[in-house]
Amino acid sequence: MSAAVAILERIERLAQISAYPWNLTRRAFSPEQAEAEALVFGSMTEAGLSARGDPAGNIVGRIEGTFQAAWPP
């Protein structure tokens with residue numbers, strides 16, 4: 001399977017997670033939102049990123065580099 005096909009399948013799966021079948025609705029703190037976040041966390045982890053959520057509800061994925069940057073000190 002190509003990377004493009006895999007990405008499109010993940011997007012389609014994410015689009016199917018909704019409170020209503022006729023439109024995309026995910027209210028904050030709902031089971032649908034939790035399911036969507038779990039899917040995104042899983043995709044990030046599978047891709048080799050470290051994933052975390054911040055207090056505002058954002059999902060942040062990061063790949064650690066090998067270069068020791070001068071900033072931040």
# chains A, B, ... in the order shown; residues from 1 in each chain; ligands from 1
$ residues_around --residues "Ala28 in chain A" --least-positions-apart "3" --cutoff "12 Å" --atoms "only C-alpha atoms" --output "number ranges by chain"
A: 18-19, 25, 31-37, 56-58
$ select_by_dssp --residues "chain A" --states "alpha helix (DSSP H)" --output "PyMOL selection string"
chain A and resi 3-15+31-46
$ closest_residue --among "A:Gln68, A:Ser43, A:Gly61, A:Phe29" --to "Ala6 in chain A" --atoms "only C-alpha atoms"
A:Ser43
$ atom_distance --atom1 "CA of Ala47 in chain A" --atom2 "CA of Leu14 in chain A"
16.3 Å
$ atom_distance --atom1 "CA of Ile63 in chain A" --atom2 "CA of Ile11 in chain A"
21.1 Å
$ select_by_dssp --residues "chain A" --states "strand (DSSP E or B)" --output "list in words"
Tyr20, Asn23, Ser50, Ala51, Arg52, Gly53, Ile59, Val60, Gly61 and Arg62 of chain A
$ write_last_selection --atoms "N, CA, C and O atoms" --output "PDB file, in the first residue's frame"
ATOM      1  N   TYR A  20     -23.416  12.342  14.275  1.00  0.00           N
ATOM      2  CA  TYR A  20     -24.554  12.154  13.367  1.00  0.00           C
ATOM      3  C   TYR A  20     -24.055  11.642  12.030  1.00  0.00           C
ATOM      4  O   TYR A  20     -23.029  12.098  11.536  1.00  0.00           O
ATOM      5  N   ASN A  23     -23.726  14.452   8.872  1.00  0.00           N
ATOM      6  CA  ASN A  23     -22.712  15.503   8.833  1.00  0.00           C
ATOM      7  C   ASN A  23     -21.613  15.189   9.841  1.00  0.00           C
ATOM      8  O   ASN A  23     -21.731  14.270  10.626  1.00  0.00           O
ATOM      9  N   SER A  50       6.467  11.234  18.738  1.00  0.00           N
ATOM     10  CA  SER A  50       5.991  11.227  20.109  1.00  0.00           C
ATOM     11  C   SER A  50       4.773  12.157  20.107  1.00  0.00           C
ATOM     12  O   SER A  50       4.828  13.259  19.578  1.00  0.00           O
ATOM     13  N   ALA A  51       3.667  11.689  20.635  1.00  0.00           N
ATOM     14  CA  ALA A  51       2.425  12.467  20.592  1.00  0.00           C
ATOM     15  C   ALA A  51       1.987  12.815  22.001  1.00  0.00           C
ATOM     16  O   ALA A  51       2.137  12.031  22.936  1.00  0.00           O
ATOM     17  N   ARG A  52       1.465  14.030  22.131  1.00  0.00           N
ATOM     18  CA  ARG A  52       0.945  14.462  23.425  1.00  0.00           C
ATOM     19  C   ARG A  52      -0.185  15.444  23.187  1.00  0.00           C
ATOM     20  O   ARG A  52      -0.285  16.050  22.123  1.00  0.00           O
ATOM     21  N   GLY A  53      -1.007  15.608  24.181  1.00  0.00           N
ATOM     22  CA  GLY A  53      -2.051  16.617  24.144  1.00  0.00           C
ATOM     23  C   GLY A  53      -1.681  17.748  25.078  1.00  0.00           C
ATOM     24  O   GLY A  53      -1.058  17.530  26.113  1.00  0.00           O
ATOM     25  N   ILE A  59      -3.391  18.433  19.737  1.00  0.00           N
ATOM     26  CA  ILE A  59      -2.552  17.243  19.672  1.00  0.00           C
ATOM     27  C   ILE A  59      -1.248  17.650  18.999  1.00  0.00           C
ATOM     28  O   ILE A  59      -1.257  18.233  17.920  1.00  0.00           O
ATOM     29  N   VAL A  60      -0.145  17.347  19.652  1.00  0.00           N
ATOM     30  CA  VAL A  60       1.169  17.751  19.155  1.00  0.00           C
ATOM     31  C   VAL A  60       1.992  16.496  18.900  1.00  0.00           C
ATOM     32  O   VAL A  60       2.147  15.653  19.782  1.00  0.00           O
ATOM     33  N   GLY A  61       2.507  16.368  17.672  1.00  0.00           N
ATOM     34  CA  GLY A  61       3.381  15.262  17.322  1.00  0.00           C
ATOM     35  C   GLY A  61       4.783  15.788  17.059  1.00  0.00           C
ATOM     36  O   GLY A  61       4.947  16.858  16.479  1.00  0.00           O
ATOM     37  N   ARG A  62       5.772  15.046  17.494  1.00  0.00           N
ATOM     38  CA  ARG A  62       7.154  15.532  17.364  1.00  0.00           C
ATOM     39  C   ARG A  62       8.087  14.362  17.058  1.00  0.00           C
ATOM     40  O   ARG A  62       7.973  13.284  17.631  1.00  0.00           O
TER      41      ARG A  62
END
$ atom_distance --atom1 "CA of Glu64 in chain A" --atom2 "CA of Gly48 in chain A"
9.6 Å
$ closest_residue --among "A:Ala15, A:Leu24, A:Gly65, A:Ala3" --to "Val40 in chain A" --atoms "only C-alpha atoms"
A:Ala15
